[in-house]
>>> print(open('target-v5.txt').read())   # compact mmCIF, N, CA and C atoms
# COMPACT_ATOMS: atom_id res chain seq x y z
N MET Q 427 -5.66 -2.97 16.14
CA MET Q 427 -5.82 -2.24 17.36
C MET Q 427 -7.28 -1.79 17.48
N ARG Q 428 -7.74 -1.74 18.67
CA ARG Q 428 -9.13 -1.40 18.92
C ARG Q 428 -9.43 0.07 18.60
N LEU Q 429 -10.66 0.30 18.20
CA LEU Q 429 -11.11 1.63 17.77
C LEU Q 429 -10.87 2.70 18.83
N GLU Q 430 -11.14 2.40 20.07
CA GLU Q 430 -11.00 3.42 21.12
C GLU Q 430 -9.55 3.88 21.29
N TYR Q 431 -8.59 3.00 21.02
CA TYR Q 431 -7.18 3.39 21.10
C TYR Q 431 -6.81 4.31 19.93
N HIS Q 432 -7.33 4.00 18.75
CA HIS Q 432 -7.09 4.88 17.61
C HIS Q 432 -7.72 6.25 17.84
N LEU Q 433 -8.90 6.26 18.42
CA LEU Q 433 -9.58 7.52 18.70
C LEU Q 433 -8.79 8.35 19.71
N ALA Q 434 -8.34 7.72 20.79
CA ALA Q 434 -7.58 8.44 21.82
C ALA Q 434 -6.26 8.97 21.27
N ALA Q 435 -5.54 8.12 20.55
CA ALA Q 435 -4.24 8.54 19.99
C ALA Q 435 -4.42 9.64 18.96
N SER Q 436 -5.42 9.50 18.10
CA SER Q 436 -5.66 10.51 17.07
C SER Q 436 -6.10 11.84 17.69
N ALA Q 437 -6.91 11.77 18.73
CA ALA Q 437 -7.34 13.00 19.40
C ALA Q 437 -6.14 13.71 20.03
N ALA Q 438 -5.29 12.95 20.71
CA ALA Q 438 -4.10 13.54 21.33
C ALA Q 438 -3.17 14.15 20.28
N LEU Q 439 -2.94 13.42 19.21
CA LEU Q 439 -2.08 13.94 18.14
C LEU Q 439 -2.71 15.15 17.46
N SER Q 440 -4.02 15.13 17.33
CA SER Q 440 -4.72 16.25 16.71
C SER Q 440 -4.58 17.52 17.54
N ILE Q 441 -4.69 17.38 18.84
CA ILE Q 441 -4.50 18.54 19.74
C ILE Q 441 -3.07 19.05 19.64
N LEU Q 442 -2.11 18.14 19.68
CA LEU Q 442 -0.70 18.54 19.55
C LEU Q 442 -0.46 19.21 18.20
N PHE Q 443 -1.02 18.65 17.15
CA PHE Q 443 -0.87 19.22 15.81
C PHE Q 443 -1.42 20.64 15.78
N TYR Q 444 -2.59 20.84 16.40
CA TYR Q 444 -3.18 22.18 16.43
C TYR Q 444 -2.29 23.15 17.21
N LEU Q 445 -1.77 22.70 18.34
CA LEU Q 445 -0.91 23.57 19.15
C LEU Q 445 0.35 23.98 18.39
N LEU Q 446 0.85 23.09 17.55
CA LEU Q 446 2.07 23.38 16.79
C LEU Q 446 1.80 24.20 15.53
N THR Q 447 0.63 24.01 14.92
CA THR Q 447 0.39 24.63 13.60
C THR Q 447 -0.74 25.66 13.59
N GLU Q 448 -1.62 25.61 14.57
CA GLU Q 448 -2.83 26.43 14.62
C GLU Q 448 -3.74 26.18 13.41
N SER Q 449 -3.65 25.01 12.84
CA SER Q 449 -4.47 24.64 11.69
C SER Q 449 -5.63 23.75 12.14
N ILE Q 450 -6.82 24.33 12.13
CA ILE Q 450 -8.01 23.56 12.50
C ILE Q 450 -8.26 22.46 11.46
N LEU Q 451 -8.17 22.81 10.19
CA LEU Q 451 -8.41 21.81 9.13
C LEU Q 451 -7.39 20.68 9.17
N GLY Q 452 -6.14 21.01 9.42
CA GLY Q 452 -5.11 19.98 9.53
C GLY Q 452 -5.38 19.05 10.70
N SER Q 453 -5.80 19.63 11.83
CA SER Q 453 -6.08 18.84 13.03
C SER Q 453 -7.30 17.95 12.84
N VAL Q 454 -8.34 18.51 12.22
CA VAL Q 454 -9.55 17.72 11.95
C VAL Q 454 -9.23 16.60 10.95
N SER Q 455 -8.44 16.91 9.94
CA SER Q 455 -8.02 15.89 8.96
C SER Q 455 -7.28 14.76 9.65
N LEU Q 456 -6.41 15.11 10.58
CA LEU Q 456 -5.62 14.11 11.30
C LEU Q 456 -6.52 13.14 12.05
N ILE Q 457 -7.44 13.67 12.84
CA ILE Q 457 -8.28 12.78 13.65
C ILE Q 457 -9.22 11.96 12.77
N LEU Q 458 -9.76 12.57 11.71
CA LEU Q 458 -10.66 11.82 10.82
C LEU Q 458 -9.93 10.66 10.14
N VAL Q 459 -8.77 10.94 9.59
CA VAL Q 459 -8.01 9.88 8.91
C VAL Q 459 -7.52 8.85 9.92
N GLY Q 460 -7.05 9.31 11.08
CA GLY Q 460 -6.53 8.40 12.09
C GLY Q 460 -7.54 7.39 12.59
N VAL Q 461 -8.81 7.73 12.52
CA VAL Q 461 -9.87 6.83 12.98
C VAL Q 461 -10.56 6.12 11.81
N PHE Q 462 -10.90 6.88 10.78
CA PHE Q 462 -11.75 6.33 9.73
C PHE Q 462 -11.03 5.48 8.69
N ILE Q 463 -9.73 5.33 8.81
CA ILE Q 463 -9.04 4.33 7.98
C ILE Q 463 -9.68 2.96 8.21
N ASP Q 464 -10.16 2.74 9.41
CA ASP Q 464 -10.72 1.44 9.76
C ASP Q 464 -12.04 1.12 9.06
N LEU Q 465 -12.59 2.06 8.31
CA LEU Q 465 -13.81 1.75 7.56
C LEU Q 465 -13.60 0.63 6.56
N ASP Q 466 -12.35 0.41 6.15
CA ASP Q 466 -12.11 -0.68 5.20
C ASP Q 466 -12.39 -2.05 5.80
N HIS Q 467 -12.42 -2.14 7.13
CA HIS Q 467 -12.78 -3.41 7.77
C HIS Q 467 -14.23 -3.78 7.45
N PHE Q 468 -15.08 -2.77 7.28
CA PHE Q 468 -16.47 -3.06 6.91
C PHE Q 468 -16.55 -3.74 5.55
N ILE Q 469 -15.73 -3.33 4.62
CA ILE Q 469 -15.74 -3.95 3.29
C ILE Q 469 -15.42 -5.44 3.42
N ASP Q 470 -14.39 -5.77 4.20
CA ASP Q 470 -14.04 -7.18 4.40
C ASP Q 470 -15.15 -7.94 5.13
N TYR Q 471 -15.77 -7.29 6.09
CA TYR Q 471 -16.87 -7.89 6.84
C TYR Q 471 -18.05 -8.19 5.91
N TRP Q 472 -18.40 -7.24 5.07
CA TRP Q 472 -19.52 -7.43 4.14
C TRP Q 472 -19.22 -8.54 3.15
N ILE Q 473 -17.99 -8.61 2.68
CA ILE Q 473 -17.62 -9.67 1.74
C ILE Q 473 -17.72 -11.03 2.42
N ALA Q 474 -17.22 -11.12 3.65
CA ALA Q 474 -17.26 -12.39 4.38
C ALA Q 474 -18.69 -12.82 4.69
N LYS Q 475 -19.52 -11.86 5.07
CA LYS Q 475 -20.92 -12.17 5.43
C LYS Q 475 -21.83 -12.26 4.21
N LYS Q 476 -21.31 -11.83 3.05
CA LYS Q 476 -22.07 -11.85 1.79
C LYS Q 476 -23.34 -10.99 1.85
N ARG Q 477 -23.25 -9.92 2.64
CA ARG Q 477 -24.35 -8.96 2.73
C ARG Q 477 -23.84 -7.68 3.38
N ILE Q 478 -24.54 -6.60 3.12
CA ILE Q 478 -24.20 -5.34 3.77
C ILE Q 478 -25.02 -5.24 5.04
N SER Q 479 -24.33 -5.12 6.16
CA SER Q 479 -24.98 -5.04 7.46
C SER Q 479 -24.26 -4.01 8.32
N PHE Q 480 -25.02 -3.30 9.12
CA PHE Q 480 -24.44 -2.35 10.06
C PHE Q 480 -24.69 -2.80 11.49
N ASP Q 481 -24.66 -4.11 11.70
CA ASP Q 481 -24.78 -4.68 13.04
C ASP Q 481 -23.41 -4.54 13.70
N PHE Q 482 -23.23 -3.44 14.43
CA PHE Q 482 -21.91 -3.12 14.98
C PHE Q 482 -21.44 -4.16 15.99
N LYS Q 483 -22.34 -4.72 16.78
CA LYS Q 483 -21.92 -5.74 17.74
C LYS Q 483 -21.35 -6.95 17.00
N ASP Q 484 -22.08 -7.43 16.00
CA ASP Q 484 -21.60 -8.57 15.22
C ASP Q 484 -20.30 -8.23 14.50
N PHE Q 485 -20.21 -7.02 13.97
CA PHE Q 485 -19.00 -6.58 13.27
C PHE Q 485 -17.79 -6.65 14.20
N PHE Q 486 -17.88 -6.04 15.39
CA PHE Q 486 -16.74 -6.04 16.31
C PHE Q 486 -16.45 -7.44 16.85
N ASP Q 487 -17.50 -8.21 17.15
CA ASP Q 487 -17.29 -9.59 17.59
C ASP Q 487 -16.54 -10.39 16.52
N TYR Q 488 -16.93 -10.19 15.29
CA TYR Q 488 -16.33 -10.90 14.16
C TYR Q 488 -14.83 -10.62 14.08
N PHE Q 489 -14.45 -9.36 14.15
CA PHE Q 489 -13.03 -9.02 14.00
C PHE Q 489 -12.22 -9.30 15.25
N TYR Q 490 -12.76 -9.01 16.41
CA TYR Q 490 -11.97 -9.21 17.63
C TYR Q 490 -11.83 -10.69 17.99
N ALA Q 491 -12.68 -11.54 17.42
CA ALA Q 491 -12.56 -12.98 17.64
C ALA Q 491 -11.80 -13.68 16.52
N TYR Q 492 -11.25 -12.90 15.60
CA TYR Q 492 -10.46 -13.45 14.48
C TYR Q 492 -11.23 -14.50 13.68
N GLN Q 493 -12.48 -14.22 13.36
CA GLN Q 493 -13.29 -15.16 12.59
C GLN Q 493 -13.02 -15.09 11.09
N TYR Q 494 -12.32 -14.09 10.66
CA TYR Q 494 -12.10 -13.88 9.23
C TYR Q 494 -10.98 -14.76 8.70
N LYS Q 495 -11.10 -15.13 7.44
CA LYS Q 495 -10.07 -15.94 6.76
C LYS Q 495 -9.31 -15.10 5.73
N LYS Q 496 -9.97 -14.09 5.20
CA LYS Q 496 -9.37 -13.18 4.22
C LYS Q 496 -9.60 -11.75 4.71
N ALA Q 497 -8.65 -10.89 4.39
CA ALA Q 497 -8.80 -9.48 4.75
C ALA Q 497 -7.97 -8.64 3.79
N SER Q 498 -8.64 -7.75 3.09
CA SER Q 498 -7.90 -6.88 2.17
C SER Q 498 -7.46 -5.60 2.86
N VAL Q 499 -8.26 -5.12 3.82
CA VAL Q 499 -8.02 -3.84 4.50
C VAL Q 499 -7.28 -2.85 3.59
N LEU Q 500 -7.93 -2.52 2.52
CA LEU Q 500 -7.36 -1.72 1.44
C LEU Q 500 -6.71 -0.43 1.92
N PHE Q 501 -7.35 0.28 2.85
CA PHE Q 501 -6.81 1.57 3.29
C PHE Q 501 -5.57 1.42 4.16
N HIS Q 502 -5.33 0.24 4.70
CA HIS Q 502 -4.16 -0.01 5.55
C HIS Q 502 -2.97 -0.41 4.67
N SER Q 503 -2.52 0.49 3.84
CA SER Q 503 -1.47 0.18 2.86
C SER Q 503 -0.43 1.29 2.82
N VAL Q 504 0.81 0.93 3.15
CA VAL Q 504 1.89 1.93 3.17
C VAL Q 504 2.16 2.50 1.78
N GLU Q 505 1.75 1.79 0.75
CA GLU Q 505 1.95 2.30 -0.60
C GLU Q 505 1.19 3.61 -0.83
N PHE Q 506 0.19 3.87 -0.01
CA PHE Q 506 -0.59 5.11 -0.16
C PHE Q 506 0.14 6.34 0.35
N ILE Q 507 1.18 6.17 1.17
CA ILE Q 507 1.85 7.33 1.77
C ILE Q 507 2.37 8.31 0.71
N PRO Q 508 3.15 7.87 -0.28
CA PRO Q 508 3.61 8.85 -1.27
C PRO Q 508 2.47 9.40 -2.13
N ILE Q 509 1.45 8.60 -2.37
CA ILE Q 509 0.30 9.07 -3.15
C ILE Q 509 -0.44 10.16 -2.38
N ILE Q 510 -0.67 9.92 -1.09
CA ILE Q 510 -1.32 10.92 -0.25
C ILE Q 510 -0.50 12.20 -0.21
N ALA Q 511 0.81 12.05 -0.05
CA ALA Q 511 1.68 13.23 0.03
C ALA Q 511 1.63 14.05 -1.25
N LEU Q 512 1.82 13.40 -2.37
CA LEU Q 512 1.84 14.13 -3.65
C LEU Q 512 0.48 14.75 -3.98
N ALA Q 513 -0.55 13.95 -3.89
CA ALA Q 513 -1.89 14.46 -4.21
C ALA Q 513 -2.30 15.54 -3.22
N GLY Q 514 -2.01 15.31 -1.96
CA GLY Q 514 -2.40 16.26 -0.92
C GLY Q 514 -1.75 17.62 -1.08
N PHE Q 515 -0.46 17.64 -1.34
CA PHE Q 515 0.23 18.92 -1.49
C PHE Q 515 -0.33 19.72 -2.66
N PHE Q 516 -0.68 19.03 -3.74
CA PHE Q 516 -1.22 19.73 -4.90
C PHE Q 516 -2.68 20.15 -4.70
N LEU Q 517 -3.45 19.30 -4.02
CA LEU Q 517 -4.89 19.56 -3.91
C LEU Q 517 -5.30 20.34 -2.66
N PHE Q 518 -4.61 20.11 -1.55
CA PHE Q 518 -5.09 20.66 -0.28
C PHE Q 518 -4.10 21.56 0.45
N GLY Q 519 -2.87 21.58 0.05
CA GLY Q 519 -1.87 22.39 0.74
C GLY Q 519 -1.14 21.60 1.81
N LYS Q 520 -0.14 22.26 2.39
CA LYS Q 520 0.77 21.57 3.31
C LYS Q 520 0.12 21.12 4.61
N LEU Q 521 -0.56 22.01 5.31
CA LEU Q 521 -1.01 21.67 6.66
C LEU Q 521 -2.07 20.57 6.68
N ILE Q 522 -3.00 20.62 5.76
CA ILE Q 522 -3.99 19.54 5.69
C ILE Q 522 -3.31 18.23 5.32
N THR Q 523 -2.40 18.28 4.38
CA THR Q 523 -1.68 17.07 3.98
C THR Q 523 -0.85 16.51 5.12
N TYR Q 524 -0.17 17.38 5.86
CA TYR Q 524 0.58 16.91 7.03
C TYR Q 524 -0.36 16.26 8.04
N GLY Q 525 -1.52 16.85 8.26
CA GLY Q 525 -2.49 16.26 9.18
C GLY Q 525 -2.93 14.88 8.72
N VAL Q 526 -3.24 14.77 7.44
CA VAL Q 526 -3.66 13.47 6.87
C VAL Q 526 -2.53 12.45 7.02
N LEU Q 527 -1.31 12.87 6.70
CA LEU Q 527 -0.17 11.94 6.78
C LEU Q 527 0.10 11.50 8.22
N VAL Q 528 0.04 12.44 9.16
CA VAL Q 528 0.26 12.07 10.57
C VAL Q 528 -0.84 11.11 11.03
N GLY Q 529 -2.09 11.38 10.67
CA GLY Q 529 -3.18 10.48 11.03
C GLY Q 529 -3.01 9.10 10.42
N PHE Q 530 -2.66 9.06 9.15
CA PHE Q 530 -2.49 7.79 8.43
C PHE Q 530 -1.31 6.99 9.00
N ILE Q 531 -0.15 7.63 9.09
CA ILE Q 531 1.06 6.93 9.53
C ILE Q 531 0.93 6.50 10.99
N SER Q 532 0.37 7.35 11.85
CA SER Q 532 0.22 6.97 13.25
C SER Q 532 -0.74 5.78 13.38
N HIS Q 533 -1.77 5.75 12.56
CA HIS Q 533 -2.70 4.62 12.58
C HIS Q 533 -1.98 3.31 12.23
N ILE Q 534 -1.20 3.35 11.17
CA ILE Q 534 -0.46 2.16 10.75
C ILE Q 534 0.54 1.73 11.82
N ILE Q 535 1.26 2.69 12.40
CA ILE Q 535 2.23 2.37 13.46
C ILE Q 535 1.53 1.73 14.65
N LEU Q 536 0.41 2.31 15.08
CA LEU Q 536 -0.33 1.73 16.20
C LEU Q 536 -0.82 0.33 15.89
N ASP Q 537 -1.24 0.09 14.65
CA ASP Q 537 -1.65 -1.26 14.26
C ASP Q 537 -0.47 -2.23 14.28
N TYR Q 538 0.68 -1.78 13.81
CA TYR Q 538 1.87 -2.64 13.88
C TYR Q 538 2.16 -3.05 15.31
N ILE Q 539 2.11 -2.09 16.21
CA ILE Q 539 2.43 -2.35 17.62
C ILE Q 539 1.33 -3.17 18.29
N GLY Q 540 0.10 -2.69 18.17
CA GLY Q 540 -1.01 -3.30 18.89
C GLY Q 540 -1.46 -4.64 18.35
N ASN Q 541 -1.25 -4.89 17.08
CA ASN Q 541 -1.72 -6.13 16.47
C ASN Q 541 -0.63 -7.19 16.33
N GLU Q 542 0.58 -6.87 16.75
CA GLU Q 542 1.70 -7.81 16.67
C GLU Q 542 1.79 -8.43 15.27
N THR Q 543 1.89 -7.57 14.28
CA THR Q 543 1.84 -8.03 12.90
C THR Q 543 3.20 -8.41 12.35
N LYS Q 544 3.16 -9.03 11.19
CA LYS Q 544 4.38 -9.35 10.45
C LYS Q 544 4.91 -8.09 9.78
N PRO Q 545 6.19 -8.06 9.44
CA PRO Q 545 6.80 -6.83 8.88
C PRO Q 545 6.12 -6.28 7.63
N LEU Q 546 5.65 -7.12 6.74
CA LEU Q 546 5.06 -6.63 5.48
C LEU Q 546 3.53 -6.56 5.50
N THR Q 547 2.96 -6.75 6.67
CA THR Q 547 1.50 -6.79 6.79
C THR Q 547 0.79 -5.64 6.10
N TYR Q 548 1.30 -4.44 6.25
CA TYR Q 548 0.59 -3.27 5.73
C TYR Q 548 1.08 -2.84 4.36
N SER Q 549 1.58 -3.80 3.60
CA SER Q 549 1.90 -3.57 2.20
C SER Q 549 0.81 -4.22 1.35
N LEU Q 550 0.15 -3.43 0.56
CA LEU Q 550 -0.90 -3.95 -0.32
C LEU Q 550 -0.34 -4.94 -1.33
N VAL Q 551 0.86 -4.69 -1.80
CA VAL Q 551 1.51 -5.61 -2.74
C VAL Q 551 1.69 -6.98 -2.08
N TYR Q 552 2.19 -7.00 -0.85
CA TYR Q 552 2.40 -8.25 -0.12
C TYR Q 552 1.07 -8.97 0.12
N ARG Q 553 0.06 -8.24 0.58
CA ARG Q 553 -1.23 -8.87 0.85
C ARG Q 553 -1.86 -9.41 -0.43
N THR Q 554 -1.70 -8.69 -1.53
CA THR Q 554 -2.22 -9.17 -2.81
C THR Q 554 -1.50 -10.45 -3.22
N TRP Q 555 -0.18 -10.46 -3.08
CA TRP Q 555 0.62 -11.64 -3.40
C TRP Q 555 0.18 -12.84 -2.56
N LYS Q 556 -0.19 -12.59 -1.31
CA LYS Q 556 -0.66 -13.66 -0.41
C LYS Q 556 -2.16 -13.92 -0.56
N ARG Q 557 -2.78 -13.28 -1.56
CA ARG Q 557 -4.20 -13.44 -1.85
C ARG Q 557 -5.09 -13.06 -0.67
N PHE Q 558 -4.63 -12.09 0.08
CA PHE Q 558 -5.36 -11.51 1.21
C PHE Q 558 -5.67 -12.51 2.31
N ASP Q 559 -4.92 -13.60 2.34
CA ASP Q 559 -5.09 -14.59 3.40
C ASP Q 559 -4.71 -13.96 4.74
N VAL Q 560 -5.47 -14.28 5.76
CA VAL Q 560 -5.24 -13.69 7.08
C VAL Q 560 -3.86 -14.04 7.64
N SER Q 561 -3.24 -15.10 7.14
CA SER Q 561 -1.91 -15.49 7.63
C SER Q 561 -0.85 -14.43 7.35
N CYS Q 562 -1.11 -13.51 6.44
CA CYS Q 562 -0.10 -12.47 6.18
C CYS Q 562 -0.15 -11.37 7.24
N PHE Q 563 -1.09 -11.44 8.17
CA PHE Q 563 -1.18 -10.45 9.24
C PHE Q 563 -0.41 -10.85 10.49
N HIS Q 564 -0.66 -12.04 10.97
CA HIS Q 564 0.00 -12.49 12.19
C HIS Q 564 -0.04 -14.01 12.22
N ASP Q 565 0.74 -14.57 13.12
CA ASP Q 565 0.81 -16.03 13.14
C ASP Q 565 -0.36 -16.62 13.93
N GLU Q 566 -0.52 -17.93 13.82
CA GLU Q 566 -1.65 -18.62 14.43
C GLU Q 566 -1.62 -18.57 15.95
N ARG Q 567 -0.44 -18.42 16.55
CA ARG Q 567 -0.38 -18.37 18.01
C ARG Q 567 -1.20 -17.21 18.56
N ARG Q 568 -1.16 -16.07 17.89
CA ARG Q 568 -1.93 -14.92 18.36
C ARG Q 568 -3.42 -15.20 18.24
N GLU Q 569 -3.84 -15.83 17.15
CA GLU Q 569 -5.25 -16.15 16.98
C GLU Q 569 -5.73 -17.10 18.07
N LYS Q 570 -4.93 -18.11 18.39
CA LYS Q 570 -5.31 -19.08 19.41
C LYS Q 570 -5.38 -18.42 20.79
N LYS Q 571 -4.48 -17.48 21.04
CA LYS Q 571 -4.46 -16.77 22.31
C LYS Q 571 -5.75 -15.97 22.50
N ALA Q 572 -6.30 -15.45 21.42
CA ALA Q 572 -7.51 -14.63 21.48
C ALA Q 572 -8.77 -15.46 21.67
N ARG Q 573 -8.72 -16.71 21.33
CA ARG Q 573 -9.94 -17.55 21.39
C ARG Q 573 -10.17 -18.14 22.73
>>> encode(input="target-v5.txt", output="structure tokens")
Amino acid sequence: MRLEYHLAASAALSILFYLLTESILGSVSLILVGVFIDLDHFIDYWIAKKRISFDFKDFFDYFYAYQYKKASVLFHSVEFIPIIALAGFFLFGKLITYGVLVGFISHIILDYIGNETKPLTYSLVYRTWKRFDVSCFHDERREKKAR
């Protein structure tokens, strides 16, 4: 899903979270996690390009045109949910952890919906088993439709 949709959804959820909890830190955590999970795309981009570059136009063109063959998107992994919950409750308390979890889970849900992915796409175990091949994300028909 495109960055602007994650930003809009995370901002709306962050406002709602604040109205329900009055937690500024929880709300800020929600929006930060809801948007910045996508930083893992840069890692895949740098690996594919074999260099570190912050050419944002090339970066977005690369991903939105489905030029990639492999993608680890490490942060997009449902296996992190229980880890975030356990570590968060011990380290940061309930409201910040709830904010992080809402941001994380809403991001993954929006990606499932917006990217028309396969059921196990956001499992790190599944992607590792498939050797991070892009075919574990969606079928070729979607890629051809985008080109």
>>> atom_distance(input="target-v5.txt", atom1="atom C of Phe486 (chain Q)", atom2="atom C of Val459 (chain Q)")
19.8 Å
>>> residues_around(input="target-v5.txt", residues="region 442-445 of chain Q", least_positions_apart="5", cutoff="12 Å", atoms="only C-alpha atoms", output="list in words")
Ala435, Ser436, Ala437, Ile450, Leu451, Gly452, Ser453, Val454, Ser455, Leu456, Ile457, Leu521, Ile522, Tyr524, Gly525, Val526, Leu527, Val528 and Gly529 of chain Q
>>> residues_around(input="target-v5.txt", residues="Tyr494 (chain Q)", least_positions_apart="4", cutoff="7 Å", atoms="only N, CA and C atoms", output="PyMOL selection string")
chain Q and resi 488-489+560
>>> closest_residue(input="target-v5.txt", among="Q:Leu512, Q:Arg428, Q:Ala491, Q:Ile478", to="Asn541 (chain Q)", atoms="all atoms listed in the file")
Q:Arg428
>>> select_by_dssp(input="target-v5.txt", residues="region 529-564 of chain Q", states="helix (DSSP H, G or I)", output="list in words")
Gly529, Phe530, Ile531, Ser532, His533, Ile534, Ile535, Leu536, Asp537, Tyr538, Ile539, Gly540, Leu550, Val551, Tyr552, Arg553, Thr554, Trp555, Val560, Ser561 and Cys562 of chain Q
>>> atom_distance(input="target-v5.txt", atom1="atom N of Phe530 (chain Q)", atom2="atom N of Gly460 (chain Q)")
4.8 Å
>>> atom_distance(input="target-v5.txt", atom1="CA of Ser503 (chain Q)", atom2="CA of Lys556 (chain Q)")
14.2 Å
>>> closest_atom_pairs(input="target-v5.txt", of="region 431-541 of chain Q", to="region 547-551 of chain Q", cutoff="6 Å", atoms="only N, CA and C atoms", output="CSV")
residue,atom,partner,partner_atom,distance
Q:His502,C,Q:Tyr548,CA,4.7
Q:Ser503,CA,Q:Tyr548,C,4.2
Q:Val504,N,Q:Tyr548,C,4.0
Q:Glu505,N,Q:Leu550,N,5.5
>>> closest_residue(input="target-v5.txt", among="Q:Ser498, Q:Ser440, Q:Ser449, Q:Thr523", to="Phe558 (chain Q)", atoms="only C-alpha atoms")
Q:Ser498
>>> residues_around(input="target-v5.txt", residues="Cys562 (chain Q)", least_positions_apart="6", cutoff="10 Å", atoms="only C-alpha atoms", output="list in words")
Lys496, Ala497, Thr543, Lys544, Pro545, Leu546, Thr547, Tyr548, Ser549, Tyr552, Arg553, Thr554, Trp555 and Lys556 of chain Q
>>> closest_residue(input="target-v5.txt", among="Q:Phe480, Q:Arg557, Q:Ala513, Q:Asp464", to="Lys495 (chain Q)", atoms="all atoms listed in the file")
Q:Arg557
>>> closest_residue(input="target-v5.txt", among="Q:Ile510, Q:Met427, Q:Arg477, Q:His432", to="Tyr490 (chain Q)", atoms="only C-alpha atoms")
Q:Met427
>>> axis_aligned_box(input="target-v5.txt", around="region 545-556 of chain Q", padding_each_side="3 Å", output="AutoDock Vina command-line options")
--center_x 2.3 --center_y -8.4 --center_z 3.0 --size_x 15.0 --size_y 17.1 --size_z 18.8
>>> residues_around(input="target-v5.txt", residues="Glu542 (chain Q)", least_positions_apart="4", cutoff="7 Å", atoms="all atoms listed in the file", output="list in words")
Asp537, Tyr538, Phe563, His564 and Asp565 of chain Q
>>> decode(input="target-v5.txt", residues="region 433-448 of chain Q", atoms="N, CA and C atoms", output="PDB file, in the first residue's frame")
ATOM      1  N   LEU Q 433      -0.036   6.808   6.034  1.00  0.00           N
ATOM      2  CA  LEU Q 433       0.037   8.035   6.826  1.00  0.00           C
ATOM      3  C   LEU Q 433      -1.361   8.505   7.221  1.00  0.00           C
ATOM      4  N   ALA Q 434      -2.290   8.524   6.279  1.00  0.00           N
ATOM      5  CA  ALA Q 434      -3.659   8.965   6.575  1.00  0.00           C
ATOM      6  C   ALA Q 434      -4.337   8.042   7.580  1.00  0.00           C
ATOM      7  N   ALA Q 435      -4.221   6.744   7.368  1.00  0.00           N
ATOM      8  CA  ALA Q 435      -4.860   5.782   8.278  1.00  0.00           C
ATOM      9  C   ALA Q 435      -4.237   5.853   9.667  1.00  0.00           C
ATOM     10  N   SER Q 436      -2.919   5.945   9.727  1.00  0.00           N
ATOM     11  CA  SER Q 436      -2.243   6.009  11.025  1.00  0.00           C
ATOM     12  C   SER Q 436      -2.576   7.304  11.758  1.00  0.00           C
ATOM     13  N   ALA Q 437      -2.676   8.400  11.025  1.00  0.00           N
ATOM     14  CA  ALA Q 437      -3.044   9.674  11.655  1.00  0.00           C
ATOM     15  C   ALA Q 437      -4.456   9.597  12.229  1.00  0.00           C
ATOM     16  N   ALA Q 438      -5.387   9.049  11.451  1.00  0.00           N
ATOM     17  CA  ALA Q 438      -6.770   8.917  11.933  1.00  0.00           C
ATOM     18  C   ALA Q 438      -6.840   8.007  13.158  1.00  0.00           C
ATOM     19  N   LEU Q 439      -6.166   6.885  13.096  1.00  0.00           N
ATOM     20  CA  LEU Q 439      -6.159   5.962  14.238  1.00  0.00           C
ATOM     21  C   LEU Q 439      -5.471   6.581  15.452  1.00  0.00           C
ATOM     22  N   SER Q 440      -4.435   7.359  15.203  1.00  0.00           N
ATOM     23  CA  SER Q 440      -3.717   8.014  16.289  1.00  0.00           C
ATOM     24  C   SER Q 440      -4.613   9.026  17.009  1.00  0.00           C
ATOM     25  N   ILE Q 441      -5.377   9.778  16.248  1.00  0.00           N
ATOM     26  CA  ILE Q 441      -6.327  10.733  16.845  1.00  0.00           C
ATOM     27  C   ILE Q 441      -7.378   9.988  17.653  1.00  0.00           C
ATOM     28  N   LEU Q 442      -7.931   8.941  17.078  1.00  0.00           N
ATOM     29  CA  LEU Q 442      -8.932   8.137  17.790  1.00  0.00           C
ATOM     30  C   LEU Q 442      -8.330   7.534  19.061  1.00  0.00           C
ATOM     31  N   PHE Q 443      -7.124   7.023  18.953  1.00  0.00           N
ATOM     32  CA  PHE Q 443      -6.438   6.442  20.108  1.00  0.00           C
ATOM     33  C   PHE Q 443      -6.277   7.491  21.210  1.00  0.00           C
ATOM     34  N   TYR Q 444      -5.882   8.703  20.819  1.00  0.00           N
ATOM     35  CA  TYR Q 444      -5.722   9.767  21.813  1.00  0.00           C
ATOM     36  C   TYR Q 444      -7.061  10.111  22.470  1.00  0.00           C
ATOM     37  N   LEU Q 445      -8.111  10.202  21.670  1.00  0.00           N
ATOM     38  CA  LEU Q 445      -9.435  10.522  22.220  1.00  0.00           C
ATOM     39  C   LEU Q 445      -9.908   9.463  23.208  1.00  0.00           C
ATOM     40  N   LEU Q 446      -9.547   8.219  22.963  1.00  0.00           N
ATOM     41  CA  LEU Q 446      -9.964   7.125  23.853  1.00  0.00           C
ATOM     42  C   LEU Q 446      -9.075   6.989  25.087  1.00  0.00           C
ATOM     43  N   THR Q 447      -7.793   7.308  24.954  1.00  0.00           N
ATOM     44  CA  THR Q 447      -6.850   7.023  26.046  1.00  0.00           C
ATOM     45  C   THR Q 447      -6.212   8.260  26.674  1.00  0.00           C
ATOM     46  N   GLU Q 448      -6.231   9.370  25.966  1.00  0.00           N
ATOM     47  CA  GLU Q 448      -5.539  10.599  26.369  1.00  0.00           C
ATOM     48  C   GLU Q 448      -4.031  10.383  26.524  1.00  0.00           C
TER      49      GLU Q 448
END
